[in-house]
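Raw run24.cif, mmCIF, C-alpha atoms, pLDDT in the B column; chains and numbers go by the auth columns:
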data_query
loop_
_atom_site.group_PDB
_atom_site.id
_atom_site.type_symbol
_atom_site.label_atom_id
_atom_site.label_comp_id
_atom_site.label_asym_id
_atom_site.label_seq_id
_atom_site.Cartn_x
_atom_site.Cartn_y
_atom_site.Cartn_z
_atom_site.B_iso_or_equiv
_atom_site.auth_seq_id
_atom_site.auth_asym_id
ATOM 1 C CA MET A 1 0.000 0.000 0.000 49.00 1 A
ATOM 2 C CA LEU A 2 1.199 3.188 -1.026 54.00 2 A
ATOM 3 C CA ASN A 3 0.602 6.085 1.240 59.00 3 A
ATOM 4 C CA LYS A 4 0.178 9.315 -0.470 61.00 4 A
ATOM 5 C CA ILE A 5 2.324 12.019 0.999 62.00 5 A
ATOM 6 C CA LYS A 6 0.602 15.311 0.838 63.00 6 A
ATOM 7 C CA SER A 7 2.749 18.340 0.656 61.00 7 A
ATOM 8 C CA LYS A 8 1.229 21.650 1.436 67.00 8 A
ATOM 9 C CA GLU A 9 2.296 24.480 -0.793 69.00 9 A
ATOM 10 C CA SER A 10 3.232 27.602 1.054 76.00 10 A
ATOM 11 C CA GLY A 11 3.536 31.214 -0.080 81.00 11 A
ATOM 12 C CA PHE A 12 1.562 34.374 -0.426 85.00 12 A
ATOM 13 C CA THR A 13 -1.367 34.811 -2.699 89.00 13 A
ATOM 14 C CA ILE A 14 -1.474 37.639 -5.183 91.00 14 A
ATOM 15 C CA VAL A 15 -4.192 39.362 -3.137 92.00 15 A
ATOM 16 C CA GLU A 16 -2.018 39.378 -0.030 92.00 16 A
ATOM 17 C CA LEU A 17 0.894 40.837 -1.973 93.00 17 A
ATOM 18 C CA LEU A 18 -1.317 43.558 -3.473 95.00 18 A
ATOM 19 C CA ILE A 19 -2.615 44.516 -0.037 96.00 19 A
ATOM 20 C CA VAL A 20 0.949 44.944 1.231 95.00 20 A
ATOM 21 C CA ILE A 21 1.860 47.073 -1.797 96.00 21 A
ATOM 22 C CA VAL A 22 -1.198 49.306 -1.301 96.00 22 A
ATOM 23 C CA VAL A 23 -0.400 49.803 2.398 96.00 23 A
ATOM 24 C CA ILE A 24 3.201 50.752 1.569 96.00 24 A
ATOM 25 C CA ALA A 25 1.986 53.216 -1.091 95.00 25 A
ATOM 26 C CA ILE A 26 -0.400 54.877 1.374 95.00 26 A
ATOM 27 C CA LEU A 27 2.349 55.244 3.977 94.00 27 A
ATOM 28 C CA ALA A 28 4.704 56.695 1.359 93.00 28 A
ATOM 29 C CA ALA A 29 2.087 59.255 0.280 92.00 29 A
ATOM 30 C CA ILE A 30 1.524 60.348 3.883 91.00 30 A
ATOM 31 C CA THR A 31 5.267 60.698 4.419 89.00 31 A
ATOM 32 C CA ILE A 32 5.755 62.804 1.282 88.00 32 A
ATOM 33 C CA VAL A 33 2.951 65.189 2.260 83.00 33 A
ATOM 34 C CA ALA A 34 4.369 65.573 5.770 82.00 34 A
ATOM 35 C CA TYR A 35 7.876 66.130 4.384 84.00 35 A
ATOM 36 C CA ASN A 36 6.686 68.938 2.094 79.00 36 A
ATOM 37 C CA GLY A 37 5.033 70.678 5.043 83.00 37 A
ATOM 38 C CA ILE A 38 8.226 70.411 7.051 88.00 38 A
ATOM 39 C CA GLN A 39 10.222 71.928 4.189 88.00 39 A
ATOM 40 C CA SER A 40 7.797 74.852 3.886 86.00 40 A
ATOM 41 C CA ARG A 41 7.980 75.576 7.605 89.00 41 A
ATOM 42 C CA ALA A 42 11.785 75.404 7.499 91.00 42 A
ATOM 43 C CA ARG A 43 11.919 77.871 4.596 89.00 43 A
ATOM 44 C CA LEU A 44 9.521 80.204 6.408 89.00 44 A
ATOM 45 C CA SER A 45 11.686 80.024 9.518 91.00 45 A
ATOM 46 C CA SER A 46 14.747 80.909 7.451 90.00 46 A
ATOM 47 C CA ALA A 47 12.940 83.873 5.864 89.00 47 A
ATOM 48 C CA GLN A 48 11.775 85.090 9.289 90.00 48 A
ATOM 49 C CA GLN A 49 15.324 84.818 10.592 91.00 49 A
ATOM 50 C CA ALA A 50 16.595 86.885 7.651 89.00 50 A
ATOM 51 C CA ALA A 51 13.975 89.571 8.366 89.00 51 A
ATOM 52 C CA ASN A 52 14.858 89.588 12.072 91.00 52 A
ATOM 53 C CA THR A 53 18.556 89.946 11.263 90.00 53 A
ATOM 54 C CA ILE A 54 17.851 92.980 9.069 91.00 54 A
ATOM 55 C CA MET A 55 15.583 94.389 11.787 92.00 55 A
ATOM 56 C CA LYS A 56 18.423 94.099 14.312 92.00 56 A
ATOM 57 C CA LYS A 57 20.892 95.682 11.873 91.00 57 A
ATOM 58 C CA ALA A 58 18.473 98.600 11.351 91.00 58 A
ATOM 59 C CA GLU A 59 18.114 99.039 15.119 92.00 59 A
ATOM 60 C CA VAL A 60 21.907 99.055 15.476 92.00 60 A
ATOM 61 C CA ALA A 61 22.186 101.672 12.715 91.00 61 A
ATOM 62 C CA ASN A 62 19.539 103.766 14.488 91.00 62 A
ATOM 63 C CA SER A 63 21.330 103.557 17.818 92.00 63 A
ATOM 64 C CA LEU A 64 24.646 104.602 16.217 91.00 64 A
ATOM 65 C CA THR A 65 23.379 107.377 13.924 90.00 65 A
ATOM 66 C CA SER A 66 20.019 108.334 15.487 90.00 66 A
ATOM 67 C CA SER A 67 18.166 107.456 12.292 89.00 67 A
ATOM 68 C CA TYR A 68 17.033 104.349 10.504 91.00 68 A
ATOM 69 C CA PRO A 69 18.703 103.542 7.172 90.00 69 A
ATOM 70 C CA THR A 70 16.944 105.072 4.174 89.00 70 A
ATOM 71 C CA ALA A 71 19.526 103.907 1.631 89.00 71 A
ATOM 72 C CA ALA A 72 22.057 101.110 1.296 86.00 72 A
ATOM 73 C CA THR A 73 24.775 103.336 2.741 87.00 73 A
ATOM 74 C CA GLY A 74 22.819 103.550 5.986 87.00 74 A
ATOM 75 C CA PHE A 75 23.622 99.910 6.645 87.00 75 A
ATOM 76 C CA SER A 76 27.223 99.959 5.428 85.00 76 A
ATOM 77 C CA ALA A 77 28.213 103.152 7.283 84.00 77 A
ATOM 78 C CA ASN A 78 29.147 101.148 10.384 84.00 78 A
ATOM 79 C CA THR A 79 30.653 97.696 10.691 85.00 79 A
ATOM 80 C CA GLU A 80 28.091 96.770 13.347 86.00 80 A
ATOM 81 C CA SER A 81 25.165 97.424 11.008 85.00 81 A
ATOM 82 C CA ALA A 82 26.752 96.125 7.798 85.00 82 A
ATOM 83 C CA ILE A 83 24.840 93.444 5.912 84.00 83 A
ATOM 84 C CA ALA A 84 27.800 92.194 3.881 79.00 84 A
ATOM 85 C CA GLY A 85 28.867 88.729 4.923 77.00 85 A
ATOM 86 C CA GLN A 86 25.562 87.892 6.607 79.00 86 A
ATOM 87 C CA GLY A 87 24.253 85.759 3.746 84.00 87 A
ATOM 88 C CA ILE A 88 21.167 87.966 3.479 87.00 88 A
ATOM 89 C CA SER A 89 20.287 90.234 0.567 86.00 89 A
ATOM 90 C CA LEU A 90 17.962 93.211 0.385 86.00 90 A
ATOM 91 C CA SER A 91 15.853 93.346 -2.746 87.00 91 A
ATOM 92 C CA ALA A 92 14.164 96.310 -4.400 88.00 92 A
ATOM 93 C CA THR A 93 11.208 94.026 -5.196 87.00 93 A
ATOM 94 C CA ALA A 94 9.149 91.690 -3.059 84.00 94 A
ATOM 95 C CA PRO A 95 10.795 88.340 -2.299 86.00 95 A
ATOM 96 C CA THR A 96 9.588 85.280 -4.197 84.00 96 A
ATOM 97 C CA SER A 97 9.611 81.562 -3.533 83.00 97 A
ATOM 98 C CA SER A 98 12.827 81.177 -5.509 84.00 98 A
ATOM 99 C CA ASN A 99 14.855 83.749 -3.541 83.00 99 A
ATOM 100 C CA GLY A 100 12.812 84.280 -0.392 74.00 100 A
ATOM 101 C CA THR A 101 14.752 82.234 2.153 82.00 101 A
ATOM 102 C CA ASN A 102 17.604 84.735 2.366 86.00 102 A
ATOM 103 C CA THR A 103 16.229 87.787 0.551 87.00 103 A
ATOM 104 C CA VAL A 104 14.008 90.429 2.130 89.00 104 A
ATOM 105 C CA MET A 105 12.711 93.827 1.048 90.00 105 A
ATOM 106 C CA TYR A 106 13.456 96.803 3.309 91.00 106 A
ATOM 107 C CA GLU A 107 11.141 99.802 2.877 92.00 107 A
ATOM 108 C CA PRO A 108 12.013 102.884 4.950 93.00 108 A
ATOM 109 C CA CYS A 109 9.242 105.023 6.398 91.00 109 A
ATOM 110 C CA THR A 110 9.446 108.516 4.915 90.00 110 A
ATOM 111 C CA ALA A 111 6.487 110.268 6.556 88.00 111 A
ATOM 112 C CA GLY A 112 4.505 110.020 9.760 84.00 112 A
ATOM 113 C CA ALA A 113 6.950 107.959 11.824 86.00 113 A
ATOM 114 C CA SER A 114 10.480 106.660 11.935 89.00 114 A
ATOM 115 C CA GLY A 115 11.500 103.142 11.085 91.00 115 A
ATOM 116 C CA ALA A 116 10.865 100.716 8.283 92.00 116 A
ATOM 117 C CA ARG A 117 9.072 97.563 7.318 91.00 117 A
ATOM 118 C CA ILE A 118 10.783 94.398 6.206 91.00 118 A
ATOM 119 C CA ASN A 119 8.950 92.149 3.777 90.00 119 A
ATOM 120 C CA TYR A 120 9.650 88.408 3.670 89.00 120 A
ATOM 121 C CA TYR A 121 8.050 85.585 1.675 88.00 121 A
ATOM 122 C CA ASP A 122 5.501 83.323 3.397 87.00 122 A
ATOM 123 C CA PHE A 123 6.343 79.776 2.283 86.00 123 A
ATOM 124 C CA VAL A 124 3.603 78.101 4.346 83.00 124 A
ATOM 125 C CA ALA A 125 0.845 80.016 2.545 81.00 125 A
ATOM 126 C CA GLY A 126 2.299 78.764 -0.731 69.00 126 A
ATOM 127 C CA THR A 127 1.276 81.871 -2.621 64.00 127 A
ATOM 128 C CA ALA A 128 2.768 85.271 -3.212 57.00 128 A
ATOM 129 C CA ALA A 129 1.726 86.260 0.296 65.00 129 A
ATOM 130 C CA SER A 130 4.090 88.570 2.126 73.00 130 A
ATOM 131 C CA LYS A 131 4.676 89.066 5.801 82.00 131 A
ATOM 132 C CA TYR A 132 6.102 92.179 7.429 86.00 132 A
ATOM 133 C CA VAL A 133 8.385 92.858 10.369 87.00 133 A
ATOM 134 C CA TYR A 134 8.323 96.482 11.501 89.00 134 A
ATOM 135 C CA VAL A 135 11.254 98.487 12.820 89.00 135 A
ATOM 136 C CA GLY A 136 10.781 101.475 15.101 87.00 136 A
ATOM 137 C CA ASN A 137 7.273 102.902 15.364 86.00 137 A
ATOM 138 C CA ALA A 138 6.560 102.463 11.652 86.00 138 A
ATOM 139 C CA SER A 139 3.842 99.867 12.245 84.00 139 A
ATOM 140 C CA THR A 140 1.395 102.390 13.638 84.00 140 A
ATOM 141 C CA GLY A 141 2.482 105.815 12.454 85.00 141 A
ATOM 142 C CA CYS A 142 3.963 105.555 8.980 88.00 142 A
ATOM 143 C CA THR A 143 1.879 107.125 6.229 89.00 143 A
ATOM 144 C CA THR A 144 4.357 106.902 3.333 90.00 144 A
ATOM 145 C CA TRP A 145 6.827 104.167 2.501 89.00 145 A
ATOM 146 C CA GLY A 146 10.023 105.006 0.648 89.00 146 A
ATOM 147 C CA ALA A 147 11.502 103.075 -2.226 88.00 147 A
ATOM 148 C CA ALA A 148 13.060 99.755 -1.391 88.00 148 A
ATOM 149 C CA PHE A 149 16.709 99.343 -2.280 85.00 149 A
ATOM 150 C CA ALA A 150 18.965 96.407 -3.029 78.00 150 A
ATOM 151 C CA VAL A 151 21.978 95.311 -0.997 79.00 151 A
ATOM 152 C CA ALA A 152 23.880 92.123 -1.753 72.00 152 A
ATOM 153 C CA GLY A 153 24.637 90.033 1.280 63.00 153 A
#
Once you've parsed the file, please lay out its structure as C-alpha cells.
Amino acid sequence: MLNKIKSKESGFTIVELLIVIVVIAILAAITIVAYNGIQSRARLSSAQQAANTIMKKAEVANSLTSSYPTAATGFSANTESAIAGQGISLSATAPTSSNGTNTVMYEPCTAGASGARINYYDFVAGTAASKYVYVGNASTGCTTWGAAFAVAG
C-alpha cells in the first residue's frame, strides 16, 4: 500500500501581496505630504530669521546714527550694522519663492513715523503672500513708505 504524501504548498497569494503594496503606497504618500510641510515651515523660519537679522541691523544703525537707514549706505556706514557677509540680501522688489529664504525687502518710512518695514516671503501660505516685520514705530504711524533698495549680502 502506497501512502500518499501530501505536501502543502506555502507562499503568499497575489491578493495578499497587493494589499501589502497598497499599504506601503499609502504610507509613502503620507510621508511625502508631511515632508513637504516640514520643508515649507523650514523655509519660512529661514525667511523670518533673515527679516529679524535685518531688523536688528536697522536698530543698530539707528542707535549709532540716530536714524534708521533710508539707503544702502545707511547699513554699510558702520561695521556693526553692515549686511555684507551675513548671507542675506535686500531686494528692491518683493521676495519670491525662488529667492525668499535669504532675501528680504526693506522699505524705509518717509512720513509720519520713523522706522521701516521688512517684507519676507511666506512659504507656508504657498502663494505670493508677504509678511512684514516692523522696525521702530513704523507699524502704527507711517503714512508713506520710501523706495526699497537692493543690498547684496
Please report the interatomic distance between atom CA of A:Glu80 and atom CA of A:Ala113 in Å with one decimal.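 Going from atom CA of A:Glu80 over to atom CA of A:Ala113, I get 24.0 Å.
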Please enumerate the residues selected by the PyMOL selection byres ((chain A and resi 106) around 10) when evaluated against the supplied file, formatted as a PyMOL selection string. chain A and resi 51+54-55+58+69-72+89-94+103-105+107-109+116-120+132-135+145-151
Suppose we keep C-alpha atoms; can you now write the selection as a PDB file, in the coordinates of the input?
ATOM      1  CA  ALA A  51      13.975  89.571   8.366  1.00 89.00           C
ATOM      2  CA  ILE A  54      17.851  92.980   9.069  1.00 91.00           C
ATOM      3  CA  MET A  55      15.583  94.389  11.787  1.00 92.00           C
ATOM      4  CA  ALA A  58      18.473  98.600  11.351  1.00 91.00           C
ATOM      5  CA  PRO A  69      18.703 103.542   7.172  1.00 90.00           C
ATOM      6  CA  THR A  70      16.944 105.072   4.174  1.00 89.00           C
ATOM      7  CA  ALA A  71      19.526 103.907   1.631  1.00 89.00           C
ATOM      8  CA  ALA A  72      22.057 101.110   1.296  1.00 86.00           C
ATOM      9  CA  SER A  89      20.287  90.234   0.567  1.00 86.00           C
ATOM     10  CA  LEU A  90      17.962  93.211   0.385  1.00 86.00           C
ATOM     11  CA  SER A  91      15.853  93.346  -2.746  1.00 87.00           C
ATOM     12  CA  ALA A  92      14.164  96.310  -4.400  1.00 88.00           C
ATOM     13  CA  THR A  93      11.208  94.026  -5.196  1.00 87.00           C
ATOM     14  CA  ALA A  94       9.149  91.690  -3.059  1.00 84.00           C
ATOM     15  CA  THR A 103      16.229  87.787   0.551  1.00 87.00           C
ATOM     16  CA  VAL A 104      14.008  90.429   2.130  1.00 89.00           C
ATOM     17  CA  MET A 105      12.711  93.827   1.048  1.00 90.00           C
ATOM     18  CA  GLU A 107      11.141  99.802   2.877  1.00 92.00           C
ATOM     19  CA  PRO A 108      12.013 102.884   4.950  1.00 93.00           C
ATOM     20  CA  CYS A 109       9.242 105.023   6.398  1.00 91.00           C
ATOM     21  CA  ALA A 116      10.865 100.716   8.283  1.00 92.00           C
ATOM     22  CA  ARG A 117       9.072  97.563   7.318  1.00 91.00           C
ATOM     23  CA  ILE A 118      10.783  94.398   6.206  1.00 91.00           C
ATOM     24  CA  ASN A 119       8.950  92.149   3.777  1.00 90.00           C
ATOM     25  CA  TYR A 120       9.650  88.408   3.670  1.00 89.00           C
ATOM     26  CA  TYR A 132       6.102  92.179   7.429  1.00 86.00           C
ATOM     27  CA  VAL A 133       8.385  92.858  10.369  1.00 87.00           C
ATOM     28  CA  TYR A 134       8.323  96.482  11.501  1.00 89.00           C
ATOM     29  CA  VAL A 135      11.254  98.487  12.820  1.00 89.00           C
ATOM     30  CA  TRP A 145       6.827 104.167   2.501  1.00 89.00           C
ATOM     31  CA  GLY A 146      10.023 105.006   0.648  1.00 89.00           C
ATOM     32  CA  ALA A 147      11.502 103.075  -2.226  1.00 88.00           C
ATOM     33  CA  ALA A 148      13.060  99.755  -1.391  1.00 88.00           C
ATOM     34  CA  PHE A 149      16.709  99.343  -2.280  1.00 85.00           C
ATOM     35  CA  ALA A 150      18.965  96.407  -3.029  1.00 78.00           C
ATOM     36  CA  VAL A 151      21.978  95.311  -0.997  1.00 79.00           C
TER      37      VAL A 151
END
For the structure shown, which residues end up in the PyMOL selection byres ((chain A and resi 65) around 12)? Put them as a PyMOL selection string, please? chain A and resi 58-64+66-70+73-78+80-81
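For the set A:Ile38, A:Ile83, A:Ala47, A:Ile19, the residue with the smallest atom-to-atom gap to A:Ser98 is A:Ala47, counting all atoms listed in the file.
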Taking all atoms listed in the file into account, name the residue in A:Lys131, A:Thr144, A:Pro95, A:Gly100 that is nearest to A:Gly112.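 Smallest distance to A:Gly112 is found for A:Thr144.
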Might I get the box with edges along x, y and z of the file that holds all atoms of stretch 99-104 of chain A listed there, padded by 3 Å on every side, given as centre and edge lengths in Å to one decimal, as JSON?
{"center_x": 15.2, "center_y": 86.3, "center_z": -0.6, "size_x": 10.8, "size_y": 14.2, "size_z": 11.9}
Distance of atom CA of A:Asn102 from atom CA of A:Phe123, expressed in Å to one decimal place: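 For atom CA of A:Phe123 relative to atom CA of A:Asn102, the distance reads 12.3 Å.
The list of residues with at least one atom within 12 Å of A:Asn36, based on all atoms listed in the file and without residues fewer than 5 positions apart in the same chain, reads Ala29, Ile30, Thr31, Arg41, Ala42, Arg43, Phe123, Val124 and Gly126 of chain A.
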Identify which of the residues A:Ser10, A:Thr79, A:Thr101, A:Ser130 lies closest to A:Ala50, counting all atoms listed in the file when measuring atom-to-atom distances. A:Thr101
Rebuild N, CA and C atoms on stretch 75-109 of chain A, as an mmCIF file, keeping the file's coordinate frame?
data_model
loop_
_atom_site.group_PDB
_atom_site.id
_atom_site.type_symbol
_atom_site.label_atom_id
_atom_site.label_comp_id
_atom_site.auth_asym_id
_atom_site.auth_seq_id
_atom_site.Cartn_x
_atom_site.Cartn_y
_atom_site.Cartn_z
ATOM 1 N N PHE A 75 23.202 101.166 6.031
ATOM 2 C CA PHE A 75 23.622 99.910 6.645
ATOM 3 C C PHE A 75 25.141 99.763 6.642
ATOM 4 N N SER A 76 25.782 100.183 5.561
ATOM 5 C CA SER A 76 27.223 99.959 5.428
ATOM 6 C C SER A 76 28.073 101.026 6.108
ATOM 7 N N ALA A 77 27.456 102.068 6.658
ATOM 8 C CA ALA A 77 28.213 103.152 7.283
ATOM 9 C C ALA A 77 28.984 102.681 8.512
ATOM 10 N N ASN A 78 28.497 101.671 9.183
ATOM 11 C CA ASN A 78 29.147 101.148 10.384
ATOM 12 C C ASN A 78 29.328 99.644 10.252
ATOM 13 N N THR A 79 30.413 99.143 10.791
ATOM 14 C CA THR A 79 30.653 97.696 10.691
ATOM 15 C C THR A 79 29.614 96.905 11.475
ATOM 16 N N GLU A 80 29.085 97.477 12.537
ATOM 17 C CA GLU A 80 28.091 96.770 13.347
ATOM 18 C C GLU A 80 26.766 96.586 12.614
ATOM 19 N N SER A 81 26.444 97.509 11.720
ATOM 20 C CA SER A 81 25.165 97.424 11.008
ATOM 21 C C SER A 81 25.316 96.928 9.575
ATOM 22 N N ALA A 82 26.520 96.568 9.177
ATOM 23 C CA ALA A 82 26.752 96.125 7.798
ATOM 24 C C ALA A 82 26.061 94.793 7.523
ATOM 25 N N ILE A 83 25.533 94.666 6.322
ATOM 26 C CA ILE A 83 24.840 93.444 5.912
ATOM 27 C C ILE A 83 25.795 92.491 5.212
ATOM 28 N N ALA A 84 26.852 93.027 4.627
ATOM 29 C CA ALA A 84 27.800 92.194 3.881
ATOM 30 C C ALA A 84 28.326 91.065 4.763
ATOM 31 N N GLY A 85 28.369 89.886 4.200
ATOM 32 C CA GLY A 85 28.867 88.729 4.923
ATOM 33 C C GLY A 85 27.833 88.013 5.767
ATOM 34 N N GLN A 86 26.613 88.510 5.801
ATOM 35 C CA GLN A 86 25.562 87.892 6.607
ATOM 36 C C GLN A 86 24.813 86.796 5.857
ATOM 37 N N GLY A 87 24.984 86.742 4.541
ATOM 38 C CA GLY A 87 24.253 85.759 3.746
ATOM 39 C C GLY A 87 22.822 86.173 3.455
ATOM 40 N N ILE A 88 22.518 87.438 3.694
ATOM 41 C CA ILE A 88 21.167 87.966 3.479
ATOM 42 C C ILE A 88 21.257 89.109 2.478
ATOM 43 N N SER A 89 20.315 89.164 1.558
ATOM 44 C CA SER A 89 20.287 90.234 0.567
ATOM 45 C C SER A 89 19.014 91.050 0.718
ATOM 46 N N LEU A 90 19.133 92.343 0.469
ATOM 47 C CA LEU A 90 17.962 93.211 0.385
ATOM 48 C C LEU A 90 17.606 93.339 -1.084
ATOM 49 N N SER A 91 16.328 93.271 -1.372
ATOM 50 C CA SER A 91 15.853 93.346 -2.746
ATOM 51 C C SER A 91 14.977 94.576 -2.915
ATOM 52 N N ALA A 92 15.022 95.164 -4.101
ATOM 53 C CA ALA A 92 14.164 96.310 -4.400
ATOM 54 C C ALA A 92 12.746 95.870 -4.744
ATOM 55 N N THR A 93 12.538 94.573 -4.912
ATOM 56 C CA THR A 93 11.208 94.026 -5.196
ATOM 57 C C THR A 93 10.861 92.996 -4.127
ATOM 58 N N ALA A 94 9.603 92.648 -4.068
ATOM 59 C CA ALA A 94 9.149 91.690 -3.059
ATOM 60 C C ALA A 94 9.813 90.331 -3.267
ATOM 61 N N PRO A 95 10.182 89.661 -2.181
ATOM 62 C CA PRO A 95 10.795 88.340 -2.299
ATOM 63 C C PRO A 95 9.828 87.325 -2.908
ATOM 64 N N THR A 96 10.384 86.333 -3.570
ATOM 65 C CA THR A 96 9.588 85.280 -4.197
ATOM 66 C C THR A 96 9.980 83.933 -3.607
ATOM 67 N N SER A 97 9.298 82.895 -4.046
ATOM 68 C CA SER A 97 9.611 81.562 -3.533
ATOM 69 C C SER A 97 10.992 81.092 -3.962
ATOM 70 N N SER A 98 11.513 81.624 -5.048
ATOM 71 C CA SER A 98 12.827 81.177 -5.509
ATOM 72 C C SER A 98 13.984 81.867 -4.785
ATOM 73 N N ASN A 99 13.763 83.061 -4.235
ATOM 74 C CA ASN A 99 14.855 83.749 -3.541
ATOM 75 C C ASN A 99 14.496 84.156 -2.117
ATOM 76 N N GLY A 100 13.344 83.752 -1.642
ATOM 77 C CA GLY A 100 12.812 84.280 -0.392
ATOM 78 C C GLY A 100 13.418 83.784 0.895
ATOM 79 N N THR A 101 14.225 82.721 0.880
ATOM 80 C CA THR A 101 14.752 82.234 2.153
ATOM 81 C C THR A 101 15.836 83.137 2.713
ATOM 82 N N ASN A 102 16.559 83.844 1.863
ATOM 83 C CA ASN A 102 17.604 84.735 2.366
ATOM 84 C C ASN A 102 17.560 86.114 1.707
ATOM 85 N N THR A 103 16.415 86.469 1.160
ATOM 86 C CA THR A 103 16.229 87.787 0.551
ATOM 87 C C THR A 103 14.989 88.434 1.150
ATOM 88 N N VAL A 104 15.136 89.674 1.586
ATOM 89 C CA VAL A 104 14.008 90.429 2.130
ATOM 90 C C VAL A 104 13.976 91.799 1.457
ATOM 91 N N MET A 105 12.855 92.484 1.605
ATOM 92 C CA MET A 105 12.711 93.827 1.048
ATOM 93 C C MET A 105 12.570 94.807 2.211
ATOM 94 N N TYR A 106 13.437 95.798 2.255
ATOM 95 C CA TYR A 106 13.456 96.803 3.309
ATOM 96 C C TYR A 106 12.884 98.099 2.743
ATOM 97 N N GLU A 107 11.778 98.561 3.325
ATOM 98 C CA GLU A 107 11.141 99.802 2.877
ATOM 99 C C GLU A 107 11.179 100.818 4.017
ATOM 100 N N PRO A 108 11.955 101.887 3.880
ATOM 101 C CA PRO A 108 12.013 102.884 4.950
ATOM 102 C C PRO A 108 10.738 103.723 5.013
ATOM 103 N N CYS A 109 10.384 104.127 6.205
ATOM 104 C CA CYS A 109 9.242 105.023 6.398
ATOM 105 C C CYS A 109 9.723 106.445 6.128
#
